[in-house]
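*Asks:* So that you have it, the file is entry-v8.cif, and it contains mmCIF, C-alpha atoms:
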```cif
data_target
loop_
_atom_site.group_PDB
_atom_site.id
_atom_site.type_symbol
_atom_site.label_atom_id
_atom_site.label_comp_id
_atom_site.auth_asym_id
_atom_site.auth_seq_id
_atom_site.Cartn_x
_atom_site.Cartn_y
_atom_site.Cartn_z
ATOM 1 C CA MET A 1417 24.572 68.369 213.179
ATOM 2 C CA LYS A 1418 23.894 71.777 214.700
ATOM 3 C CA TYR A 1419 20.784 72.171 216.848
ATOM 4 C CA LEU A 1420 19.256 75.315 218.301
ATOM 5 C CA LEU A 1421 16.146 76.889 219.727
ATOM 6 C CA HIS A 1422 14.441 79.709 217.859
ATOM 7 C CA TRP A 1423 11.387 81.846 218.511
ATOM 8 C CA SER A 1424 8.688 81.481 215.884
ATOM 9 C CA CYS A 1425 4.887 81.698 215.840
ATOM 10 C CA GLY A 1426 4.840 82.774 219.467
ATOM 11 C CA GLN A 1427 6.819 79.870 220.886
ATOM 12 C CA ALA A 1428 10.285 78.416 221.333
ATOM 13 C CA ARG A 1429 10.905 75.776 218.669
ATOM 14 C CA PRO A 1430 13.730 73.284 218.095
ATOM 15 C CA GLY A 1431 15.682 73.835 214.922
ATOM 16 C CA LEU A 1432 18.447 72.456 212.744
ATOM 17 C CA LEU A 1433 21.108 74.817 211.417
ATOM 18 C CA ASN A 1434 22.537 73.834 208.038
ATOM 19 C CA GLU A 1435 23.610 75.439 204.759
ATOM 20 C CA ARG A 1436 19.959 76.302 204.012
ATOM 21 C CA GLY A 1437 19.524 78.264 207.237
ATOM 22 C CA VAL A 1438 17.377 77.441 210.269
ATOM 23 C CA VAL A 1439 15.080 74.481 209.638
ATOM 24 C CA ASP A 1440 12.177 74.097 212.066
ATOM 25 C CA LEU A 1441 12.011 70.671 213.754
ATOM 26 C CA THR A 1442 8.757 71.118 215.655
ATOM 27 C CA GLN A 1443 7.108 68.288 213.704
ATOM 28 C CA VAL A 1444 10.067 65.972 214.288
ATOM 29 C CA VAL A 1445 11.173 66.406 217.913
ATOM 30 C CA PRO A 1446 8.672 65.370 220.623
ATOM 31 C CA ALA A 1447 7.496 68.440 222.506
ATOM 32 C CA GLY A 1448 8.288 68.611 226.198
ATOM 33 C CA ALA A 1449 6.616 70.516 228.993
ATOM 34 C CA SER A 1450 9.230 73.247 228.456
ATOM 35 C CA ALA A 1451 11.696 74.273 225.771
ATOM 36 C CA GLN A 1452 14.465 72.737 227.885
ATOM 37 C CA GLN A 1453 12.615 69.436 228.019
ATOM 38 C CA THR A 1454 12.087 69.492 224.253
ATOM 39 C CA MET A 1455 15.829 69.828 223.730
ATOM 40 C CA GLN A 1456 16.434 67.033 226.230
ATOM 41 C CA ASN A 1457 14.020 64.880 224.198
ATOM 42 C CA LEU A 1458 16.155 65.608 221.144
ATOM 43 C CA ILE A 1459 19.265 64.508 223.030
ATOM 44 C CA ASP A 1460 17.696 61.398 224.545
ATOM 45 C CA HIS A 1461 16.123 60.129 221.302
ATOM 46 C CA HIS A 1462 18.649 61.480 218.804
ATOM 47 C CA GLU A 1463 19.549 58.187 217.104
ATOM 48 C CA LEU A 1464 15.867 57.350 216.591
ATOM 49 C CA LEU A 1465 15.013 60.858 215.353
ATOM 50 C CA LEU A 1466 18.042 61.319 213.095
ATOM 51 C CA PRO A 1467 16.546 59.958 209.817
ATOM 52 C CA ALA A 1468 13.539 62.297 210.131
ATOM 53 C CA ILE A 1469 15.834 65.191 211.059
ATOM 54 C CA GLN A 1470 17.973 64.560 207.998
ATOM 55 C CA ARG A 1471 14.886 64.513 205.752
ATOM 56 C CA ALA A 1472 13.647 67.762 207.270
ATOM 57 C CA GLY A 1473 17.069 69.285 206.717
ATOM 58 C CA ARG A 1474 16.747 68.601 202.983
ATOM 59 C CA THR A 1475 13.079 69.389 202.388
ATOM 60 C CA ALA A 1476 11.451 71.399 205.195
ATOM 61 C CA PRO A 1477 11.141 75.191 204.910
ATOM 62 C CA ALA A 1478 14.122 77.158 206.194
ATOM 63 C CA VAL A 1479 14.710 80.780 207.159
ATOM 64 C CA PRO A 1480 18.051 82.597 206.861
ATOM 65 C CA LEU A 1481 20.112 82.504 210.042
ATOM 66 C CA ALA A 1482 20.431 86.303 209.941
ATOM 67 C CA THR A 1483 16.651 86.725 210.310
ATOM 68 C CA ALA A 1484 16.037 83.967 212.860
ATOM 69 C CA HIS A 1485 15.375 84.869 216.495
ATOM 70 C CA LEU A 1486 17.746 82.558 218.341
ATOM 71 C CA LEU A 1487 17.305 81.499 221.952
ATOM 72 C CA PRO A 1488 19.818 79.736 224.205
ATOM 73 C CA PRO A 1489 19.896 76.131 222.965
ATOM 74 C CA LEU A 1490 19.479 74.914 226.566
ATOM 75 C CA PRO A 1491 17.388 77.625 228.257
ATOM 76 C CA ARG A 1492 17.494 76.070 231.717
ATOM 77 C CA PRO A 1493 19.977 73.238 232.169
ATOM 78 C CA GLY A 1494 19.430 71.053 235.200
ATOM 79 C CA LYS A 1495 22.899 72.093 236.304
ATOM 80 C CA ILE A 1496 25.901 74.003 235.056
ATOM 81 C CA LEU A 1497 29.272 72.876 236.374
ATOM 82 C CA ALA A 1498 32.274 75.024 235.465
ATOM 83 C CA CYS A 1499 35.990 74.437 235.850
ATOM 84 C CA ILE A 1500 38.146 76.653 238.051
ATOM 85 C CA ALA A 1501 41.515 77.855 236.686
ATOM 86 C CA ASN A 1502 41.779 75.065 234.129
ATOM 87 C CA TYR A 1503 44.329 76.559 231.720
ATOM 88 C CA ARG A 1504 48.103 76.430 231.993
ATOM 89 C CA GLU A 1505 48.615 79.893 230.430
ATOM 90 C CA ASN A 1506 52.322 79.050 230.235
ATOM 91 C CA ASP A 1507 53.559 76.867 233.038
ATOM 92 C CA ALA A 1508 55.590 79.725 234.494
ATOM 93 C CA GLN A 1509 52.518 81.836 235.230
ATOM 94 C CA ARG A 1510 50.832 79.713 237.874
ATOM 95 C CA GLU A 1511 51.358 76.640 239.982
ATOM 96 C CA PRO A 1512 49.573 73.474 238.807
ATOM 97 C CA ARG A 1513 46.184 73.154 240.445
ATOM 98 C CA PRO A 1514 44.004 70.132 241.155
ATOM 99 C CA LEU A 1515 40.839 69.884 239.094
ATOM 100 C CA ASN A 1516 38.011 71.762 240.794
ATOM 101 C CA MET A 1517 34.574 72.995 239.706
ATOM 102 C CA PHE A 1518 31.770 75.253 240.893
ATOM 103 C CA MET A 1519 28.039 75.277 240.183
ATOM 104 C CA LYS A 1520 26.620 78.192 238.228
ATOM 105 C CA ASN A 1521 22.978 79.251 238.472
ATOM 106 C CA PRO A 1522 20.920 77.769 235.571
ATOM 107 C CA ASP A 1523 18.608 80.794 235.766
ATOM 108 C CA ALA A 1524 21.571 82.912 234.618
ATOM 109 C CA VAL A 1525 21.314 81.484 231.078
ATOM 110 C CA ILE A 1526 20.626 83.867 228.198
ATOM 111 C CA GLY A 1527 21.346 83.564 224.487
ATOM 112 C CA HIS A 1528 22.449 85.219 221.268
ATOM 113 C CA GLY A 1529 21.145 88.769 220.929
ATOM 114 C CA ASP A 1530 20.330 89.102 224.631
ATOM 115 C CA VAL A 1531 21.612 91.635 227.163
ATOM 116 C CA ILE A 1532 24.043 90.974 230.010
ATOM 117 C CA ARG A 1533 22.680 93.128 232.831
ATOM 118 C CA LEU A 1534 25.217 94.065 235.483
ATOM 119 C CA PRO A 1535 23.661 94.157 238.954
ATOM 120 C CA GLU A 1536 23.094 97.342 240.919
ATOM 121 C CA PHE A 1537 25.399 96.107 243.659
ATOM 122 C CA THR A 1538 28.220 98.432 244.631
ATOM 123 C CA GLU A 1539 30.336 95.861 246.478
ATOM 124 C CA PRO A 1540 31.663 93.857 243.475
ATOM 125 C CA TRP A 1541 34.667 95.702 242.154
ATOM 126 C CA ALA A 1542 34.272 94.822 238.481
ATOM 127 C CA PHE A 1543 32.655 92.411 236.018
ATOM 128 C CA MET A 1544 34.654 90.318 233.589
ATOM 129 C CA HIS A 1545 34.133 87.989 230.625
ATOM 130 C CA GLU A 1546 35.430 84.426 230.348
ATOM 131 C CA ALA A 1547 34.830 82.768 226.968
ATOM 132 C CA GLU A 1548 34.640 78.978 227.252
ATOM 133 C CA LEU A 1549 33.949 75.741 225.409
ATOM 134 C CA ALA A 1550 31.096 73.864 227.115
ATOM 135 C CA ILE A 1551 30.185 70.173 227.033
ATOM 136 C CA VAL A 1552 26.538 69.129 226.606
ATOM 137 C CA ILE A 1553 25.828 65.894 228.458
ATOM 138 C CA ARG A 1554 23.852 62.870 227.291
ATOM 139 C CA GLY A 1555 22.716 60.984 230.360
ATOM 140 C CA PRO A 1556 21.932 59.859 232.862
ATOM 141 C CA VAL A 1557 25.540 58.904 233.578
ATOM 142 C CA LYS A 1558 27.416 58.275 236.790
ATOM 143 C CA ALA A 1559 31.064 57.462 237.555
ATOM 144 C CA VAL A 1560 32.161 57.562 233.904
ATOM 145 C CA LYS A 1561 35.787 56.525 233.468
ATOM 146 C CA ALA A 1562 38.022 58.885 231.499
ATOM 147 C CA ALA A 1563 38.533 56.171 228.861
ATOM 148 C CA ASP A 1564 34.762 56.075 228.268
ATOM 149 C CA TRP A 1565 34.198 59.840 228.240
ATOM 150 C CA ARG A 1566 32.559 59.920 224.803
ATOM 151 C CA GLU A 1567 29.605 57.918 226.131
ATOM 152 C CA ALA A 1568 28.579 60.937 228.221
ATOM 153 C CA VAL A 1569 28.892 63.618 225.509
ATOM 154 C CA PHE A 1570 26.072 64.640 223.202
ATOM 155 C CA GLY A 1571 27.849 67.687 221.872
ATOM 156 C CA TYR A 1572 29.338 71.095 222.552
ATOM 157 C CA THR A 1573 28.313 74.725 222.801
ATOM 158 C CA GLY A 1574 29.850 78.020 223.890
ATOM 159 C CA MET A 1575 29.454 79.760 227.242
ATOM 160 C CA ILE A 1576 30.529 83.151 228.546
ATOM 161 C CA ASP A 1577 31.205 82.815 232.263
ATOM 162 C CA VAL A 1578 30.466 86.399 233.344
ATOM 163 C CA THR A 1579 32.078 86.996 236.729
ATOM 164 C CA ALA A 1580 31.810 89.649 239.424
ATOM 165 C CA ARG A 1581 35.244 90.377 240.869
ATOM 166 C CA GLY A 1582 36.516 91.629 244.173
ATOM 167 C CA GLU A 1583 39.858 93.377 244.382
ATOM 168 C CA GLY A 1584 42.230 92.033 241.763
ATOM 169 C CA ARG A 1585 40.814 88.986 239.984
ATOM 170 C CA VAL A 1586 39.266 87.262 243.012
ATOM 171 C CA THR A 1587 35.695 86.118 242.390
ATOM 172 C CA TRP A 1588 33.276 88.159 244.496
ATOM 173 C CA LYS A 1589 32.062 86.330 247.623
ATOM 174 C CA GLN A 1590 35.172 84.202 247.685
ATOM 175 C CA GLY A 1591 34.399 80.685 248.805
ATOM 176 C CA SER A 1592 30.820 80.693 247.540
ATOM 177 C CA TRP A 1593 31.405 81.708 243.893
ATOM 178 C CA LEU A 1594 28.127 83.648 243.992
ATOM 179 C CA GLY A 1595 29.759 86.336 241.870
ATOM 180 C CA LYS A 1596 29.299 84.027 238.879
ATOM 181 C CA SER A 1597 25.568 83.438 239.325
ATOM 182 C CA PHE A 1598 23.841 86.793 238.870
ATOM 183 C CA ASP A 1599 20.953 86.755 236.387
ATOM 184 C CA THR A 1600 22.201 86.916 232.757
ATOM 185 C CA PHE A 1601 25.728 85.790 233.753
ATOM 186 C CA ALA A 1602 25.682 82.577 231.668
ATOM 187 C CA PRO A 1603 25.261 83.371 227.953
ATOM 188 C CA LEU A 1604 25.020 80.020 226.157
ATOM 189 C CA GLY A 1605 25.062 79.199 222.466
ATOM 190 C CA PRO A 1606 24.470 79.919 219.713
ATOM 191 C CA CYS A 1607 23.786 76.225 219.066
ATOM 192 C CA ILE A 1608 24.711 72.705 220.110
ATOM 193 C CA VAL A 1609 27.085 70.906 217.771
ATOM 194 C CA THR A 1610 26.967 67.116 217.983
ATOM 195 C CA ALA A 1611 30.111 65.383 219.193
ATOM 196 C CA ASP A 1612 30.936 63.856 215.805
ATOM 197 C CA GLU A 1613 31.542 67.361 214.395
ATOM 198 C CA ILE A 1614 34.319 68.077 216.912
ATOM 199 C CA PRO A 1615 36.585 64.995 216.971
ATOM 200 C CA ASP A 1616 38.912 66.501 219.590
ATOM 201 C CA PRO A 1617 37.456 69.025 222.061
ATOM 202 C CA ASN A 1618 41.014 69.767 223.135
ATOM 203 C CA ASP A 1619 41.793 71.251 219.739
ATOM 204 C CA VAL A 1620 39.219 74.023 219.394
ATOM 205 C CA HIS A 1621 39.906 77.701 218.666
ATOM 206 C CA VAL A 1622 38.047 80.181 220.922
ATOM 207 C CA GLN A 1623 37.884 83.942 220.253
ATOM 208 C CA PHE A 1624 36.117 86.861 221.924
ATOM 209 C CA TRP A 1625 35.779 90.517 220.919
ATOM 210 C CA ASN A 1626 34.778 93.499 223.034
ATOM 211 C CA ASP A 1627 33.520 96.367 220.852
ATOM 212 C CA GLY A 1628 35.516 94.867 217.999
ATOM 213 C CA GLN A 1629 38.737 94.462 220.009
ATOM 214 C CA LEU A 1630 40.074 90.913 220.125
ATOM 215 C CA ARG A 1631 40.450 89.773 223.730
ATOM 216 C CA HIS A 1632 40.359 85.985 224.150
ATOM 217 C CA ASP A 1633 42.228 84.122 221.414
ATOM 218 C CA TYR A 1634 43.296 80.642 222.446
ATOM 219 C CA ASN A 1635 43.143 76.938 221.692
ATOM 220 C CA THR A 1636 41.598 74.446 224.096
ATOM 221 C CA SER A 1637 44.764 72.343 223.795
ATOM 222 C CA ASP A 1638 46.059 74.482 226.680
ATOM 223 C CA MET A 1639 43.650 72.921 229.200
ATOM 224 C CA GLU A 1640 45.462 71.625 232.255
ATOM 225 C CA HIS A 1641 42.722 69.055 232.917
ATOM 226 C CA ARG A 1642 41.347 67.782 229.645
ATOM 227 C CA VAL A 1643 37.795 66.840 228.691
ATOM 228 C CA PRO A 1644 37.982 63.108 229.584
ATOM 229 C CA GLU A 1645 39.250 63.987 233.062
ATOM 230 C CA ILE A 1646 36.579 66.675 233.513
ATOM 231 C CA ILE A 1647 33.813 64.195 232.700
ATOM 232 C CA GLU A 1648 35.224 61.543 235.019
ATOM 233 C CA PHE A 1649 35.579 64.074 237.854
ATOM 234 C CA ALA A 1650 32.102 65.593 237.487
ATOM 235 C CA SER A 1651 30.298 62.280 237.046
ATOM 236 C CA THR A 1652 32.061 60.855 240.096
ATOM 237 C CA LEU A 1653 30.693 63.713 242.183
ATOM 238 C CA MET A 1654 27.108 63.474 240.944
ATOM 239 C CA THR A 1655 24.802 61.962 238.353
ATOM 240 C CA LEU A 1656 24.821 63.928 235.116
ATOM 241 C CA HIS A 1657 21.617 64.163 233.087
ATOM 242 C CA SER A 1658 20.857 65.007 229.466
ATOM 243 C CA GLY A 1659 21.093 68.734 228.904
ATOM 244 C CA ASP A 1660 23.462 69.351 231.800
ATOM 245 C CA VAL A 1661 26.393 71.594 230.907
ATOM 246 C CA LEU A 1662 30.066 71.289 231.891
ATOM 247 C CA SER A 1663 32.033 74.419 231.057
ATOM 248 C CA THR A 1664 35.738 73.749 230.618
ATOM 249 C CA GLY A 1665 37.261 77.027 231.846
ATOM 250 C CA THR A 1666 39.056 79.801 230.025
ATOM 251 C CA ASN A 1667 42.546 80.954 229.236
ATOM 252 C CA HIS A 1668 42.745 84.116 231.353
ATOM 253 C CA GLU A 1669 45.064 85.889 228.948
ATOM 254 C CA GLY A 1670 42.857 88.558 227.432
ATOM 255 C CA LEU A 1671 40.310 88.520 230.248
ATOM 256 C CA GLY A 1672 38.888 92.036 230.665
ATOM 257 C CA PHE A 1673 36.054 94.195 231.953
ATOM 258 C CA LEU A 1674 32.468 94.431 230.713
ATOM 259 C CA GLN A 1675 30.904 97.884 230.701
ATOM 260 C CA ASP A 1676 27.662 99.595 229.811
ATOM 261 C CA GLY A 1677 26.809 99.806 226.122
ATOM 262 C CA GLU A 1678 29.465 97.418 224.887
ATOM 263 C CA ARG A 1679 28.856 94.798 222.208
ATOM 264 C CA ILE A 1680 30.574 91.479 222.743
ATOM 265 C CA ASP A 1681 31.096 88.621 220.309
ATOM 266 C CA MET A 1682 32.232 85.092 221.046
ATOM 267 C CA LEU A 1683 33.257 82.646 218.331
ATOM 268 C CA VAL A 1684 33.922 79.002 219.064
ATOM 269 C CA HIS A 1685 35.221 77.651 215.781
ATOM 270 C CA GLY A 1686 33.116 74.734 214.626
ATOM 271 C CA ILE A 1687 30.148 75.908 216.703
ATOM 272 C CA GLY A 1688 29.419 79.506 215.755
ATOM 273 C CA ARG A 1689 29.290 83.136 216.825
ATOM 274 C CA MET A 1690 27.223 84.541 219.669
ATOM 275 C CA SER A 1691 26.709 88.304 220.050
ATOM 276 C CA LEU A 1692 25.314 90.194 223.036
ATOM 277 C CA THR A 1693 25.262 93.669 224.550
ATOM 278 C CA VAL A 1694 26.000 94.893 228.077
ATOM 279 C CA SER A 1695 23.830 97.123 230.239
ATOM 280 C CA ASP A 1696 24.882 98.673 233.557
ATOM 281 C CA PRO A 1697 22.310 100.860 235.368
ATOM 282 C CA LEU A 1698 25.139 102.396 237.421
ATOM 283 C CA ARG A 1699 27.241 103.261 234.331
ATOM 284 C CA ARG A 1700 30.463 102.108 235.980
ATOM 285 C CA SER A 1701 33.734 102.237 234.069
ATOM 286 C CA TRP A 1702 37.180 100.688 234.372
ATOM 287 C CA GLU A 1703 40.382 100.699 232.349
ATOM 288 C CA ARG A 1704 39.878 98.979 229.024
ATOM 289 C CA GLY A 1705 43.141 97.084 229.371
ATOM 290 C CA VAL A 1706 43.155 93.307 229.727
ATOM 291 C CA TYR A 1707 44.836 90.873 232.075
ATOM 292 C CA LEU A 1708 48.049 89.449 230.643
ATOM 293 C CA GLY A 1709 50.558 87.221 232.370
ATOM 294 C CA ALA A 1710 54.243 88.043 232.354
ATOM 295 C CA ASP A 1711 54.941 85.618 229.516
ATOM 296 C CA SER A 1712 51.788 86.152 227.462
ATOM 297 C CA THR A 1713 51.493 84.256 224.206
ATOM 298 C CA ASN A 1714 48.408 86.197 223.099
ATOM 299 C CA HIS A 1715 50.347 88.555 220.840
ATOM 300 C CA ALA A 1716 47.303 90.143 219.214
ATOM 301 C CA VAL A 1717 45.942 91.242 222.580
ATOM 302 C CA THR A 1718 49.387 92.295 223.803
ATOM 303 C CA MET A 1719 49.949 94.648 220.874
ATOM 304 C CA GLN A 1720 46.381 95.929 220.999
ATOM 305 C CA ASP A 1721 46.685 96.706 224.722
ATOM 306 C CA ARG A 1722 49.926 98.613 224.160
ATOM 307 C CA LYS A 1723 48.205 100.765 221.557
ATOM 308 C CA ALA A 1724 45.245 101.577 223.853
#
```
Could you render the structure as structure tokens?
*Replies:*
Amino acid sequence: MKYLLHWSCGQARPGLLNERGVVDLTQVVPAGASAQQTMQNLIDHHELLLPAIQRAGRTAPAVPLATAHLLPPLPRPGKILACIANYRENDAQREPRPLNMFMKNPDAVIGHGDVIRLPEFTEPWAFMHEAELAIVIRGPVKAVKAADWREAVFGYTGMIDVTARGEGRVTWKQGSWLGKSFDTFAPLGPCIVTADEIPDPNDVHVQFWNDGQLRHDYNTSDMEHRVPEIIEFASTLMTLHSGDVLSTGTNHEGLGFLQDGERIDMLVHGIGRMSLTVSDPLRRSWERGVYLGADSTNHAVTMQDRKA
């Protein structure tokens, strides 16, 4: 099943995405005090609600996806934990690293059709995109063993980890990771796909385009620390609740700059496409080339960069 939030009749409403389009689930999912809480109700009571959801999917009115006003499917997660340098990118390119994570500001979440607004700071050197597969938690869970990782997973979504950089590719405010938490720096969506639709989260194709140019193009099989280990690590550190998000990191081959006026598109196969635009009040510009390691396997980006 694919679940989303959409704006209709002056409010955020839960919806089901199927072959008929976006089906409104307002009459099926118990309303919460916020749109986030409504989606958490869907997660917490999914097994009980599923028969009514399936009936609505067949019979309730639907609107075409192209005309629906989508919102981030989790507009304010309780927490966003994101992996640091979690892709091998060819073993020769970097030394193995222990699993590590940082916390990203939940207020940074935006969704499909929104605008990434670069801050009017002059200290960060540049702003980059990192397209990632994200895990949506079903909780509360604590100290989940890697062998039991599926018990903690409701589903998956996509996240763009927008990052302010210092010189080179160092995250701005090194040590605090604050360069990843500016407002609008966590595009999430376009929907949540339930875990049964993605049997192996370490076999998912992720792509990202900047003004139509393919940048990220990788499979999540290249994760150094795989999803079961991520869940064990995060849940050992803290209790994870329904609607929390664990972002699994990105393959840095193809990582590049975001600049004013650009349109970006992220496609996580099996989940869907999310499109946004970029706005920079300072109109900064950088080379349009992308980061590639010495032994890059991203041939499409390599050839494209040589032609630029």
*Asks:* So which residues fall inside 8 Å of (12.2, 79.1, 220.3) if we count all atoms listed in the file? Mind giving them as a PDB file with C-alpha atoms, in the frame of the given file?
*Replies:*
```
ATOM      1  CA  LEU A1421      16.146  76.889 219.727  1.00  0.00           C
ATOM      2  CA  HIS A1422      14.441  79.709 217.859  1.00  0.00           C
ATOM      3  CA  TRP A1423      11.387  81.846 218.511  1.00  0.00           C
ATOM      4  CA  SER A1424       8.688  81.481 215.884  1.00  0.00           C
ATOM      5  CA  GLN A1427       6.819  79.870 220.886  1.00  0.00           C
ATOM      6  CA  ALA A1428      10.285  78.416 221.333  1.00  0.00           C
ATOM      7  CA  ARG A1429      10.905  75.776 218.669  1.00  0.00           C
ATOM      8  CA  PRO A1430      13.730  73.284 218.095  1.00  0.00           C
ATOM      9  CA  ALA A1451      11.696  74.273 225.771  1.00  0.00           C
ATOM     10  CA  HIS A1485      15.375  84.869 216.495  1.00  0.00           C
ATOM     11  CA  LEU A1486      17.746  82.558 218.341  1.00  0.00           C
ATOM     12  CA  LEU A1487      17.305  81.499 221.952  1.00  0.00           C
TER      13      LEU A1487
END
```
*Asks:* For the structure provided, state which residues fall under the PyMOL selection byres ((chain A and resi 1628) around 9), and present them as a PyMOL selection string.
*Replies:* chain A and resi 1624-1627+1629-1630+1679-1681
*Asks:* For Tyr1572 of chain A, please output as a ChimeraX atom specification all residues within 8 Å (counting all atoms listed in the file; exclusion window: fewer than 6 positions along the same chain).
*Replies:* /A:1549-1552,1608-1611,1687
*Asks:* Atom CA of Val1531 of chain A and atom CA of Phe1598 of chain A are how many Å apart?
*Replies:*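 Separating atom CA of Val1531 of chain A from atom CA of Phe1598 of chain A is a distance of 12.9 Å.
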*Asks:* Taking the file as shown, find all residues satisfying the PyMOL selection byres ((chain A and resi 1577-1590) around 8) and write them as a ChimeraX atom specification.
*Replies:* /A:1539-1548,1575-1576,1591-1597,1601-1603
*Asks:* For Pro1615 of chain A, which of A:Gly1677, A:Gly1686, A:Gly1574, A:Gly1672 is the closest residue, counting all atoms listed in the file?
*Replies:*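 Of A:Gly1677, A:Gly1686, A:Gly1574, A:Gly1672, the one nearest Pro1615 of chain A, counting all atoms listed in the file, is A:Gly1686.
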*Asks:* At what distance in Å, to one decimal, does atom CA of Pro1493 of chain A lie from atom CA of Met1654 of chain A?
*Replies:* 14.9 Å
*Asks:* Would you work out the distance separating atom CA of Ala1568 of chain A from atom CA of Glu1640 of chain A, expressed in Å to one decimal?
*Replies:*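 So the answer is 20.4 Å.
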*Asks:* From the set A:Ser1695, A:Gln1675, A:Thr1664, A:Thr1655, which residue has the shortest atom-to-atom contact distance to Val1557 of chain A, counting all atoms listed in the file?
*Replies:*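 Looking at the shortest contact to Val1557 of chain A, the residue is A:Thr1655.
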*Asks:* Calculated over all atoms listed in the file, which of the candidates A:Ile1646, A:Ile1553, A:Ala1449, A:Met1639 has the smallest distance to Glu1505 of chain A?
*Replies:* A:Met1639
*Asks:* Starting from the PyMOL selection byres ((chain A and resi 1459-1476) around 7), expand the selection into actual residues of this file and give them as a PyMOL selection string.
*Replies:* chain A and resi 1432+1439+1444+1455-1458+1477-1478+1554+1570+1658
*Asks:* In terms of the shortest atom-to-atom distance over all atoms listed in the file, which of A:Glu1435, A:Asp1619, A:Glu1648, A:Asp1660 is closest to Pro1522 of chain A?
*Replies:*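 Selected residue with least distance to Pro1522 of chain A: A:Asp1660.
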*Asks:* Check the smallest atom-to-atom distance from each of A:His1528, A:Arg1436, A:Arg1504, A:Arg1533 to Pro1697 of chain A using all atoms listed in the file, then report the winner.
*Replies:* A:Arg1533
*Asks:* Fewer than 6 positions away in the same chain doesn't count, so skip those; otherwise give me all residues within 10 Å of Ser1637 of chain A, counting all atoms listed in the file, as a list of chain:residue names.
*Replies:*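 The neighbour list is A:Tyr1503, A:Arg1504, A:Asp1616, A:Pro1617, A:Asn1618, A:Asp1619, A:Val1620, A:His1621.
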*Asks:* Of the candidates A:Val1445, A:Ala1563, A:Val1643, A:Val1622, which shows the shortest atom-to-atom distance to Leu1515 of chain A, using only C-alpha atoms?
*Replies:*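 Checking each of A:Val1445, A:Ala1563, A:Val1643, A:Val1622 against Leu1515 of chain A, counting only C-alpha atoms, the winner is A:Val1643.
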*Asks:* Could you pull segment 1567-1579 of chain A out of the structure just shown and give N, CA and C atoms as a PDB file, in the first residue's frame?
*Replies:*
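part-v1.pdb written:
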```pdb
ATOM      1  N   GLU A1567      10.249  -5.999  12.630  1.00  0.00           N
ATOM      2  CA  GLU A1567       9.237  -5.628  13.613  1.00  0.00           C
ATOM      3  C   GLU A1567       9.154  -4.115  13.816  1.00  0.00           C
ATOM      4  N   ALA A1568      10.217  -3.402  13.487  1.00  0.00           N
ATOM      5  CA  ALA A1568      10.277  -1.962  13.714  1.00  0.00           C
ATOM      6  C   ALA A1568       9.919  -1.147  12.477  1.00  0.00           C
ATOM      7  N   VAL A1569       9.691  -1.794  11.334  1.00  0.00           N
ATOM      8  CA  VAL A1569       9.524  -1.074  10.069  1.00  0.00           C
ATOM      9  C   VAL A1569       8.065  -1.082   9.625  1.00  0.00           C
ATOM     10  N   PHE A1570       7.498   0.121   9.473  1.00  0.00           N
ATOM     11  CA  PHE A1570       6.186   0.223   8.849  1.00  0.00           C
ATOM     12  C   PHE A1570       6.322   0.295   7.346  1.00  0.00           C
ATOM     13  N   GLY A1571       7.290   1.060   6.875  1.00  0.00           N
ATOM     14  CA  GLY A1571       7.463   1.208   5.441  1.00  0.00           C
ATOM     15  C   GLY A1571       8.656   2.077   5.106  1.00  0.00           C
ATOM     16  N   TYR A1572       8.611   2.642   3.886  1.00  0.00           N
ATOM     17  CA  TYR A1572       9.752   3.393   3.373  1.00  0.00           C
ATOM     18  C   TYR A1572       9.262   4.628   2.620  1.00  0.00           C
ATOM     19  N   THR A1573      10.118   5.632   2.581  1.00  0.00           N
ATOM     20  CA  THR A1573       9.858   6.825   1.790  1.00  0.00           C
ATOM     21  C   THR A1573      11.190   7.335   1.253  1.00  0.00           C
ATOM     22  N   GLY A1574      11.165   8.456   0.557  1.00  0.00           N
ATOM     23  CA  GLY A1574      12.398   9.056   0.063  1.00  0.00           C
ATOM     24  C   GLY A1574      12.707  10.330   0.821  1.00  0.00           C
ATOM     25  N   MET A1575      13.988  10.647   0.978  1.00  0.00           N
ATOM     26  CA  MET A1575      14.393  11.902   1.593  1.00  0.00           C
ATOM     27  C   MET A1575      15.576  12.486   0.840  1.00  0.00           C
ATOM     28  N   ILE A1576      15.559  13.806   0.668  1.00  0.00           N
ATOM     29  CA  ILE A1576      16.713  14.519   0.135  1.00  0.00           C
ATOM     30  C   ILE A1576      17.381  15.213   1.318  1.00  0.00           C
ATOM     31  N   ASP A1577      18.574  14.778   1.649  1.00  0.00           N
ATOM     32  CA  ASP A1577      19.323  15.358   2.756  1.00  0.00           C
ATOM     33  C   ASP A1577      20.105  16.557   2.214  1.00  0.00           C
ATOM     34  N   VAL A1578      19.456  17.723   2.167  1.00  0.00           N
ATOM     35  CA  VAL A1578      20.126  18.934   1.693  1.00  0.00           C
ATOM     36  C   VAL A1578      21.162  19.345   2.741  1.00  0.00           C
ATOM     37  N   THR A1579      22.356  19.707   2.279  1.00  0.00           N
ATOM     38  CA  THR A1579      23.480  19.911   3.180  1.00  0.00           C
ATOM     39  C   THR A1579      24.255  21.161   2.824  1.00  0.00           C
TER      40      THR A1579
END
```
